[in-house]
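Notes follow the structure.
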Amino acid sequence: MSGASNLDDEKQSLLAVLQFLKKKNLKGAEEALRKETGLDSVSTETHTTTENEPDLSNVLSEYESDADPLRYEEYYQGLQEFVDKSLDIHKHELSLVLYPVFVHLYLECVYKGYVTEAEKFYIKFSKFQESYRQEDLEKLRMLKQRDHMHTKNEYLNLFRSNKYVIKMARESFNVLKKYLQLQKQDVLLNLIQQHFHLDVFDGRPRSKRTIEATTGYLTGEAPPDANKSKVFFGLLHDPELLAALADDGDSDEDKDEVAMDNKEKPKKKKSKRDDAKKRHATDPNAPKPDRIPYPKLKDSEKRWKLAMYKDISRRLHVAPDKIPSVCFYTFLHTQEGLNCVDISEDSSLIASGFDDSTVRIWTLTPKKLRMLKTVNELAKIDKEADDVLERILSDKSAVESRTMCGHSGPVYGLSFNREKSFLASGSEDGTVRLWSLHTFTNVVALKGHLYPVWDVKFSPRGYYFVSGSYDRTARLWCTENAHPLRIFAGHLSDVNVVDFHPNGNYVATGSADRTVRIWDLHSGSSVRLFTGHKAGVQSVRFSPDGRHLVSSGADNRVLLWDIGEAAPLADFEGHTANVHSLCFSREGHMLATGGMDNCVKLWDVKAASHMDDDNDGISSSSSTQKSFELASFVTKSTPVHHLHFTRKNLLLASGPFMPPT
């Protein structure tokens with residue numbers, strides 16, 4: 001034991017010598033000492049404490065260089081002028097280094113005790129940083145003394161414990177490297193080597209629009225390894241349901257389809273359906289059916305799903321020349337008391353959550369809301385009857401709306417399960433509640449989140465549901481367990497919104513940290529990290545085919561992503577306020593968006609997803625982007641809280657009427 005202890009002490013002493021040589025820029029001596037002592041494999045990177053907090057003593061030691069802070073203003077101004085005078089093809093990528101260099105030079109000034117110089121440096125150059133950085137810059141300015149840097153400052157911990165990621169073409173990288181070497185900017189060169197991760201790629205430099213589509217995260221862009229995992233985004237198809245649909249295809253459904261198309265015979269339709277079954281069975285992008293354990297479908301559930309497929313097969317095929325009709329449901333006398341809205345999959349029910357802690361449900365069809373019959377009446381019902389779900393409900397209790405109470409704080413998230421048997425809700429009280437839509441009572445209060453729950457979402461296949469919270473986590477639940485099955489942790493701020501992938505294997509989360517993540521239910525790990533929003537993400541939605549994801553936020557932008565390639569496809573510009581709601585048409589060719597600008601817009605997703613420009617698909621032409629907008633519908637004075645396409649592609653929208661002030 002004593003020999004091992006002496007060896008550790010010797011290594012620590014050698015590491016201290018290496019740190020000294022590094023500060024003095026004696027690289028040759030450093031390398032020789034490493035080879036001679038066998039310390040090539042010893043890591044000198046920042047370590048973390050057992051509480052996952054950066055060890056600031058190691059982190060801040062990198063600022064103990066011999067560089068003169070009195071010249072930092074000169075260094076930064078020279079770098080700024082170099083970027084401004086660069087060729088346009090390189091300028092946009094080179095400008096990415098300005099913000100992180102500004103931050104690190106400021107922090108080094110403060111750490112070395114040059115408070116006045118740090119303040120002058122901040123005042124002179126902060127005005128040149130991007131406007132969306134202002135909130136971050138205010139947090140930076142709070143660090144004015146060296147003692148402040150030893151406190152648990154969230155911004156400092158984040159920025160200093162993560163290397164700033166910049167994706168840059170090799171041509172641009174060589175231009176930057178040449179400038180730093182010719183101007184003998186050793187301070188900036190060492191800073192970039194220590195604190196940056198330059199993801200250099202071969203190809204032409206990216207355009208300004210392409211860069212804007214992937215920058216905005218607190219620590220630059222997504223790290224190269226963040227999007228390397230394979231995502232099984234293909235859809236799952238139940239063979240029994242496909243067989244039942246094929247068998248039924250020779251009857252009324254096929255006749256209706258033939259009457260509508262008047263092009264193909266029923267026999268040919270069935271042949272296409274058989275081909276589709278083979279294609280789904282060999283889809284390399286589809287997960288295994290048993291990858292995520294879901295309960296086996298009951299006979300009643302199969303009949304319900306078969307009816308859904310029949311309804312969808314008769315839908316209106318929307319297109320740029322076939323704009324869908326829009327039906328708007330306005331909530332009166334709610335003003336700012338309405339927080340969230342959800343519409344059931346079959347468009348028969350609408351639920352809303354309010355500031356007064358209540359949940360209200362309305363029926364959107366002539367069929368009223370009914371409760372279970374009495375125990376004596378239920379005992380007389382044939383439990384094996386096909387229409388048992390109808391028989392157990394009492395006509396005497398039929399009403400058009402019901403109010404459910406149980407939460408002790410405002411309700412911020414709602415979600416129906418596919419069969420309308422349950423409604424999940426999330427509240428400021430930190431609980432997720434499951435409500436029975438047969439008795440309209442609370443079944444269970446799920447406790448796990450430490451802070452308010454902002455959103456909840458049921459899986460398209462039922463059984464599982466996910467919640468997102470102020471505690472920076474998303475949690476996976478099921479209807480048969482009172483404890484979370486998975487905790488998805490990785491966001492740096494609130495998880496504002498959640499959504500389930502159509503195949504039920506993945507969950508998307510949007511956060512106030514300006515990122516969108518996709519999580520694998522099987523492993524619980526993050527398999528995609530999308531950066532590009534300049535403010536908190538307010539809504540995320542998967543496309544019906546599972547290939548794309550769309551996100552929107554407080555920056556008024558709507559971004560379309562390719563999940564397989566982990567690349568941005570389009571930036572839909574047009575909204576003038578926060579975009580709170582997104583919804584794809586049933587076949588996925590059209591996207592509806594709505595928000596606080598009292599406007600519903602329709603976009604051509606099919607055209608946007610096939611666009612191929614600037615390596616990753618983002619077009620550099622703003623006129624091309626505007627051409628994706630198909631229609632715009634303005635309300636009188638109603639922000640859009642929720643959008644929903646019915647099975648036949650009628651667009652439903654809802655929101656509270658806000659009287660003009």
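Every chain in the structure tokens takes a letter, A first, then B, and so on in the order presented; its residues are numbered from 1, and the ligands are numbered from 1 following the presented order.
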Counting only C-alpha atoms, what is within 10 Å of Asp395 of chain A, bar same-chain residues fewer than 4 positions away, as a list of chain:residue names?
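The residues that qualify are A:Lys368, A:Leu369, A:Arg370, A:Met371, A:Leu372, A:Lys373, A:Glu390, A:Arg391, A:Val399.
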Let me see the file: selected residues, all heavy atoms, as a CSV table (one decimal), in the first residue's frame.
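File result32.csv, as written:
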chain,number,residue,atom,x,y,z
A,368,LYS,N,-73.3,12.3,-25.9
A,368,LYS,CA,-73.0,13.0,-24.7
A,368,LYS,C,-72.1,12.1,-23.8
A,368,LYS,O,-71.9,10.9,-24.0
A,368,LYS,CB,-74.2,13.4,-23.9
A,368,LYS,CG,-75.1,14.4,-24.7
A,368,LYS,CD,-76.3,14.8,-23.9
A,368,LYS,CE,-77.1,15.9,-24.6
A,368,LYS,NZ,-78.2,16.4,-23.8
A,369,LEU,N,-71.5,12.8,-22.7
A,369,LEU,CA,-70.6,12.1,-21.8
A,369,LEU,C,-71.5,11.3,-20.8
A,369,LEU,O,-72.4,11.9,-20.2
A,369,LEU,CB,-69.8,13.1,-21.1
A,369,LEU,CG,-68.9,14.0,-21.9
A,369,LEU,CD1,-68.2,15.0,-21.1
A,369,LEU,CD2,-67.9,13.2,-22.8
A,370,ARG,N,-71.2,10.0,-20.7
A,370,ARG,CA,-72.0,9.2,-19.8
A,370,ARG,C,-71.1,8.5,-18.7
A,370,ARG,O,-69.9,8.2,-19.0
A,370,ARG,CB,-72.7,8.1,-20.6
A,370,ARG,CG,-73.8,8.7,-21.5
A,370,ARG,CD,-74.4,7.6,-22.3
A,370,ARG,NE,-73.4,6.9,-23.2
A,370,ARG,CZ,-73.7,5.8,-23.8
A,370,ARG,NH1,-74.8,5.1,-23.7
A,370,ARG,NH2,-72.7,5.3,-24.6
A,371,MET,N,-71.6,8.2,-17.6
A,371,MET,CA,-70.9,7.5,-16.5
A,371,MET,C,-71.3,6.1,-16.4
A,371,MET,O,-72.3,5.7,-17.1
A,371,MET,CB,-71.1,8.3,-15.2
A,371,MET,CG,-70.6,9.7,-15.2
A,371,MET,SD,-70.8,10.5,-13.6
A,371,MET,CE,-69.7,9.6,-12.5
A,372,LEU,N,-70.6,5.3,-15.6
A,372,LEU,CA,-70.9,3.9,-15.4
A,372,LEU,C,-72.3,3.7,-14.7
A,372,LEU,O,-72.7,4.6,-13.9
A,372,LEU,CB,-69.9,3.2,-14.6
A,372,LEU,CG,-68.5,3.0,-15.3
A,372,LEU,CD1,-67.5,2.4,-14.3
A,372,LEU,CD2,-68.6,2.1,-16.5
A,373,LYS,N,-72.9,2.7,-15.0
A,373,LYS,CA,-74.2,2.3,-14.3
A,373,LYS,C,-73.9,1.9,-12.9
A,373,LYS,O,-72.7,1.7,-12.5
A,373,LYS,CB,-74.9,1.2,-15.1
A,373,LYS,CG,-75.4,1.6,-16.4
A,373,LYS,CD,-76.1,0.4,-17.1
A,373,LYS,CE,-76.6,0.8,-18.5
A,373,LYS,NZ,-77.3,-0.3,-19.2
A,390,GLU,N,-70.6,-0.1,-24.4
A,390,GLU,CA,-71.8,0.7,-24.5
A,390,GLU,C,-72.8,0.4,-23.4
A,390,GLU,O,-73.5,1.2,-22.9
A,390,GLU,CB,-72.4,0.6,-25.9
A,390,GLU,CG,-71.7,1.3,-27.0
A,390,GLU,CD,-71.8,2.8,-26.9
A,390,GLU,OE1,-72.8,3.3,-26.5
A,390,GLU,OE2,-70.7,3.4,-27.1
A,391,ARG,N,-72.9,-0.9,-23.1
A,391,ARG,CA,-73.9,-1.3,-22.2
A,391,ARG,C,-73.6,-0.9,-20.8
A,391,ARG,O,-74.6,-0.7,-20.0
A,391,ARG,CB,-74.0,-2.9,-22.2
A,391,ARG,CG,-74.6,-3.4,-23.5
A,391,ARG,CD,-74.8,-4.9,-23.4
A,391,ARG,NE,-75.3,-5.5,-24.7
A,391,ARG,CZ,-75.7,-6.8,-24.8
A,391,ARG,NH1,-75.8,-7.5,-23.7
A,391,ARG,NH2,-76.1,-7.2,-25.9
A,399,VAL,N,-74.3,14.1,-20.1
A,399,VAL,CA,-74.2,15.6,-20.1
A,399,VAL,C,-73.2,16.0,-21.2
A,399,VAL,O,-72.5,15.1,-21.7
A,399,VAL,CB,-73.7,16.1,-18.7
A,399,VAL,CG1,-74.8,15.9,-17.6
A,399,VAL,CG2,-72.4,15.4,-18.3
Any idea what's packed within 8 Å of Ala653 of chain A, counting only C-alpha atoms, ignoring anything in its chain fewer than 5 positions away? Could you give it as a ChimeraX atom specification?
/A:326-329,640-644
Residues from last step as file, N, CA, C and O atoms, as a JSON list (two decimals), in the first residue's frame:
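Once everything was written out, this is part.json:
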[["chain", "number", "residue", "atom", "x", "y", "z"],
["A", 326, "VAL", "N", -60.90, 24.71, -41.85],
["A", 326, "VAL", "CA", -60.48, 24.91, -40.47],
["A", 326, "VAL", "C", -61.70, 25.22, -39.62],
["A", 326, "VAL", "O", -62.49, 26.10, -39.95],
["A", 327, "CYS", "N", -61.84, 24.48, -38.51],
["A", 327, "CYS", "CA", -62.91, 24.73, -37.55],
["A", 327, "CYS", "C", -62.27, 25.18, -36.24],
["A", 327, "CYS", "O", -61.45, 24.45, -35.67],
["A", 328, "PHE", "N", -62.63, 26.38, -35.77],
["A", 328, "PHE", "CA", -61.98, 26.94, -34.58],
["A", 328, "PHE", "C", -62.94, 26.89, -33.39],
["A", 328, "PHE", "O", -64.08, 27.37, -33.47],
["A", 329, "TYR", "N", -62.47, 26.30, -32.28],
["A", 329, "TYR", "CA", -63.22, 26.27, -31.03],
["A", 329, "TYR", "C", -62.66, 27.34, -30.10],
["A", 329, "TYR", "O", -61.50, 27.27, -29.68],
["A", 640, "VAL", "N", -53.62, 30.77, -30.57],
["A", 640, "VAL", "CA", -53.87, 29.36, -30.88],
["A", 640, "VAL", "C", -53.14, 28.48, -29.87],
["A", 640, "VAL", "O", -51.91, 28.47, -29.81],
["A", 641, "HIS", "N", -53.90, 27.74, -29.06],
["A", 641, "HIS", "CA", -53.32, 26.85, -28.05],
["A", 641, "HIS", "C", -53.14, 25.43, -28.55],
["A", 641, "HIS", "O", -52.25, 24.72, -28.06],
["A", 642, "HIS", "N", -53.99, 25.00, -29.48],
["A", 642, "HIS", "CA", -53.93, 23.60, -29.90],
["A", 642, "HIS", "C", -54.44, 23.45, -31.33],
["A", 642, "HIS", "O", -55.37, 24.14, -31.75],
["A", 643, "LEU", "N", -53.81, 22.52, -32.07],
["A", 643, "LEU", "CA", -54.22, 22.18, -33.43],
["A", 643, "LEU", "C", -54.38, 20.67, -33.54],
["A", 643, "LEU", "O", -53.63, 19.91, -32.91],
["A", 644, "HIS", "N", -55.33, 20.25, -34.37],
["A", 644, "HIS", "CA", -55.61, 18.82, -34.48],
["A", 644, "HIS", "C", -56.25, 18.53, -35.84],
["A", 644, "HIS", "O", -57.24, 19.17, -36.21]]
May I have the residues within 6 Å of segment 541-553 of chain A as number ranges by chain, using only C-alpha atoms and disregarding those fewer than 6 positions away in the same chain?
A: 233, 501-502, 559-563, 578-579, 588
Quick one: DSSP strand (DSSP E) residues in segment 404-452 of chain A, as a list in words?
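Matching residues for strand (DSSP E) in segment 404-452 of chain A are Met404, Cys405, Val411, Tyr412, Gly413, Leu414, Ser415, Phe416, Phe422, Leu423, Ala424, Ser425, Gly426, Ser427, Thr431, Val432, Arg433, Leu434, Trp435, Ser436, Thr441, Asn442, Val443, Val444, Ala445, Leu446 and Lys447 of chain A.
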Taking the backbone alone, and naming residues the way the document does, which bits of segment 70-254 of chain A are alpha helix (DSSP H) by DSSP, as a PDB file with C-alpha atoms, in the first residue's frame?
ATOM      1  CA  TYR A  72      -7.050  41.338 -24.532  1.00  0.00           C
ATOM      2  CA  GLU A  73      -8.955  44.250 -26.028  1.00  0.00           C
ATOM      3  CA  GLU A  74      -6.322  44.483 -28.765  1.00  0.00           C
ATOM      4  CA  TYR A  75      -6.407  40.724 -29.411  1.00  0.00           C
ATOM      5  CA  TYR A  76     -10.193  40.568 -29.671  1.00  0.00           C
ATOM      6  CA  GLN A  77     -10.486  43.648 -31.853  1.00  0.00           C
ATOM      7  CA  GLY A  78      -7.894  42.196 -34.218  1.00  0.00           C
ATOM      8  CA  LEU A  79      -9.841  38.929 -34.424  1.00  0.00           C
ATOM      9  CA  GLN A  80     -13.065  40.838 -35.043  1.00  0.00           C
ATOM     10  CA  GLU A  81     -11.506  42.865 -37.874  1.00  0.00           C
ATOM     11  CA  PHE A  82     -10.049  39.693 -39.393  1.00  0.00           C
ATOM     12  CA  VAL A  83     -13.506  38.065 -39.491  1.00  0.00           C
ATOM     13  CA  ASP A  84     -15.121  41.195 -40.969  1.00  0.00           C
ATOM     14  CA  LYS A  85     -12.526  41.387 -43.774  1.00  0.00           C
ATOM     15  CA  ASP A  88     -17.979  35.940 -47.601  1.00  0.00           C
ATOM     16  CA  ILE A  89     -17.638  32.201 -48.148  1.00  0.00           C
ATOM     17  CA  HIS A  90     -15.649  31.903 -44.874  1.00  0.00           C
ATOM     18  CA  LYS A  91     -16.997  34.840 -42.874  1.00  0.00           C
ATOM     19  CA  HIS A  92     -20.109  33.131 -41.497  1.00  0.00           C
ATOM     20  CA  GLU A  93     -18.205  30.142 -40.126  1.00  0.00           C
ATOM     21  CA  LEU A  94     -15.327  32.225 -38.783  1.00  0.00           C
ATOM     22  CA  LEU A  98     -16.219  35.480 -31.676  1.00  0.00           C
ATOM     23  CA  TYR A  99     -18.754  34.808 -28.920  1.00  0.00           C
ATOM     24  CA  PRO A 100     -16.899  32.050 -27.009  1.00  0.00           C
ATOM     25  CA  VAL A 101     -13.572  33.919 -27.324  1.00  0.00           C
ATOM     26  CA  PHE A 102     -15.282  37.011 -25.891  1.00  0.00           C
ATOM     27  CA  VAL A 103     -16.604  35.027 -22.926  1.00  0.00           C
ATOM     28  CA  HIS A 104     -13.300  33.330 -22.082  1.00  0.00           C
ATOM     29  CA  LEU A 105     -11.240  36.512 -22.363  1.00  0.00           C
ATOM     30  CA  TYR A 106     -13.673  38.283 -20.061  1.00  0.00           C
ATOM     31  CA  LEU A 107     -13.564  35.446 -17.513  1.00  0.00           C
ATOM     32  CA  GLU A 108      -9.767  35.371 -17.581  1.00  0.00           C
ATOM     33  CA  CYS A 109      -9.642  39.129 -16.957  1.00  0.00           C
ATOM     34  CA  VAL A 110     -11.912  38.731 -13.935  1.00  0.00           C
ATOM     35  CA  TYR A 111      -9.990  35.742 -12.607  1.00  0.00           C
ATOM     36  CA  VAL A 115     -11.871  44.119 -12.797  1.00  0.00           C
ATOM     37  CA  THR A 116     -11.796  47.550 -14.477  1.00  0.00           C
ATOM     38  CA  GLU A 117     -10.322  46.123 -17.688  1.00  0.00           C
ATOM     39  CA  ALA A 118     -12.924  43.343 -17.677  1.00  0.00           C
ATOM     40  CA  GLU A 119     -15.753  45.877 -17.372  1.00  0.00           C
ATOM     41  CA  LYS A 120     -14.353  47.997 -20.214  1.00  0.00           C
ATOM     42  CA  PHE A 121     -13.880  44.873 -22.339  1.00  0.00           C
ATOM     43  CA  TYR A 122     -17.491  43.810 -21.704  1.00  0.00           C
ATOM     44  CA  ILE A 123     -18.975  47.239 -22.482  1.00  0.00           C
ATOM     45  CA  LYS A 124     -16.988  47.601 -25.693  1.00  0.00           C
ATOM     46  CA  PHE A 125     -17.659  44.196 -27.255  1.00  0.00           C
ATOM     47  CA  GLN A 134     -28.391  38.928 -24.170  1.00  0.00           C
ATOM     48  CA  GLU A 135     -29.830  36.782 -21.383  1.00  0.00           C
ATOM     49  CA  ASP A 136     -26.611  34.752 -21.243  1.00  0.00           C
ATOM     50  CA  LEU A 137     -24.510  37.897 -21.271  1.00  0.00           C
ATOM     51  CA  GLU A 138     -26.399  39.286 -18.279  1.00  0.00           C
ATOM     52  CA  LYS A 139     -25.496  36.145 -16.331  1.00  0.00           C
ATOM     53  CA  LEU A 140     -21.883  36.551 -17.439  1.00  0.00           C
ATOM     54  CA  ARG A 141     -21.754  40.151 -16.260  1.00  0.00           C
ATOM     55  CA  GLU A 154     -24.806  28.052 -13.346  1.00  0.00           C
ATOM     56  CA  TYR A 155     -23.563  29.892 -16.407  1.00  0.00           C
ATOM     57  CA  LEU A 156     -19.891  29.563 -15.427  1.00  0.00           C
ATOM     58  CA  ASN A 157     -20.230  25.883 -14.560  1.00  0.00           C
ATOM     59  CA  LEU A 158     -21.874  25.151 -17.890  1.00  0.00           C
ATOM     60  CA  PHE A 159     -19.485  27.152 -20.029  1.00  0.00           C
ATOM     61  CA  ARG A 160     -16.334  26.007 -18.311  1.00  0.00           C
ATOM     62  CA  SER A 161     -17.202  22.315 -17.948  1.00  0.00           C
ATOM     63  CA  ARG A 170     -11.566  22.608 -43.517  1.00  0.00           C
ATOM     64  CA  GLU A 171     -11.017  25.633 -45.774  1.00  0.00           C
ATOM     65  CA  SER A 172     -12.336  28.019 -43.121  1.00  0.00           C
ATOM     66  CA  PHE A 173     -10.350  26.243 -40.424  1.00  0.00           C
ATOM     67  CA  ASN A 174      -7.119  26.683 -42.392  1.00  0.00           C
ATOM     68  CA  VAL A 175      -7.867  30.389 -42.898  1.00  0.00           C
ATOM     69  CA  LEU A 176      -8.342  30.840 -39.132  1.00  0.00           C
ATOM     70  CA  LYS A 177      -5.250  28.817 -38.282  1.00  0.00           C
ATOM     71  CA  LYS A 178      -3.104  30.764 -40.735  1.00  0.00           C
ATOM     72  CA  TYR A 179      -4.228  34.098 -39.267  1.00  0.00           C
ATOM     73  CA  LEU A 180      -3.472  33.063 -35.689  1.00  0.00           C
ATOM     74  CA  GLN A 181      -0.030  31.757 -36.638  1.00  0.00           C
ATOM     75  CA  LEU A 182       0.999  34.704 -38.828  1.00  0.00           C
ATOM     76  CA  ASP A 186      -0.581  32.508 -29.073  1.00  0.00           C
ATOM     77  CA  VAL A 187      -3.134  33.591 -26.465  1.00  0.00           C
ATOM     78  CA  LEU A 188      -6.092  33.053 -28.802  1.00  0.00           C
ATOM     79  CA  LEU A 189      -4.553  29.902 -30.251  1.00  0.00           C
ATOM     80  CA  ASN A 190      -4.108  28.336 -26.813  1.00  0.00           C
ATOM     81  CA  LEU A 191      -7.600  29.449 -25.795  1.00  0.00           C
ATOM     82  CA  ILE A 192      -9.139  27.737 -28.825  1.00  0.00           C
ATOM     83  CA  GLN A 193      -7.114  24.573 -28.241  1.00  0.00           C
ATOM     84  CA  GLN A 194      -8.160  24.360 -24.595  1.00  0.00           C
ATOM     85  CA  HIS A 195     -11.799  25.407 -24.680  1.00  0.00           C
ATOM     86  CA  LYS A 208     -25.418  31.863 -43.133  1.00  0.00           C
ATOM     87  CA  ARG A 209     -28.901  30.296 -43.206  1.00  0.00           C
ATOM     88  CA  THR A 210     -27.463  26.815 -42.706  1.00  0.00           C
ATOM     89  CA  ILE A 211     -25.432  27.963 -39.719  1.00  0.00           C
ATOM     90  CA  GLU A 212     -28.420  29.731 -38.173  1.00  0.00           C
ATOM     91  CA  PRO A 239     -50.036  -8.423 -39.196  1.00  0.00           C
ATOM     92  CA  GLU A 240     -53.438  -9.390 -37.834  1.00  0.00           C
ATOM     93  CA  LEU A 241     -54.814  -5.893 -38.407  1.00  0.00           C
ATOM     94  CA  LEU A 242     -53.378  -5.751 -41.931  1.00  0.00           C
ATOM     95  CA  ALA A 243     -54.926  -9.141 -42.690  1.00  0.00           C
ATOM     96  CA  ALA A 244     -58.277  -8.004 -41.317  1.00  0.00           C
ATOM     97  CA  LEU A 245     -58.062  -4.814 -43.344  1.00  0.00           C
ATOM     98  CA  ALA A 246     -57.208  -6.822 -46.478  1.00  0.00           C
ATOM     99  CA  ASP A 247     -60.089  -9.210 -45.923  1.00  0.00           C
ATOM    100  CA  ASP A 248     -62.474  -6.313 -45.449  1.00  0.00           C
ATOM    101  CA  ASP A 252     -67.659  -1.707 -48.711  1.00  0.00           C
ATOM    102  CA  GLU A 253     -64.299  -0.042 -48.084  1.00  0.00           C
ATOM    103  CA  ASP A 254     -62.812  -1.052 -51.422  1.00  0.00           C
TER     104      ASP A 254
END
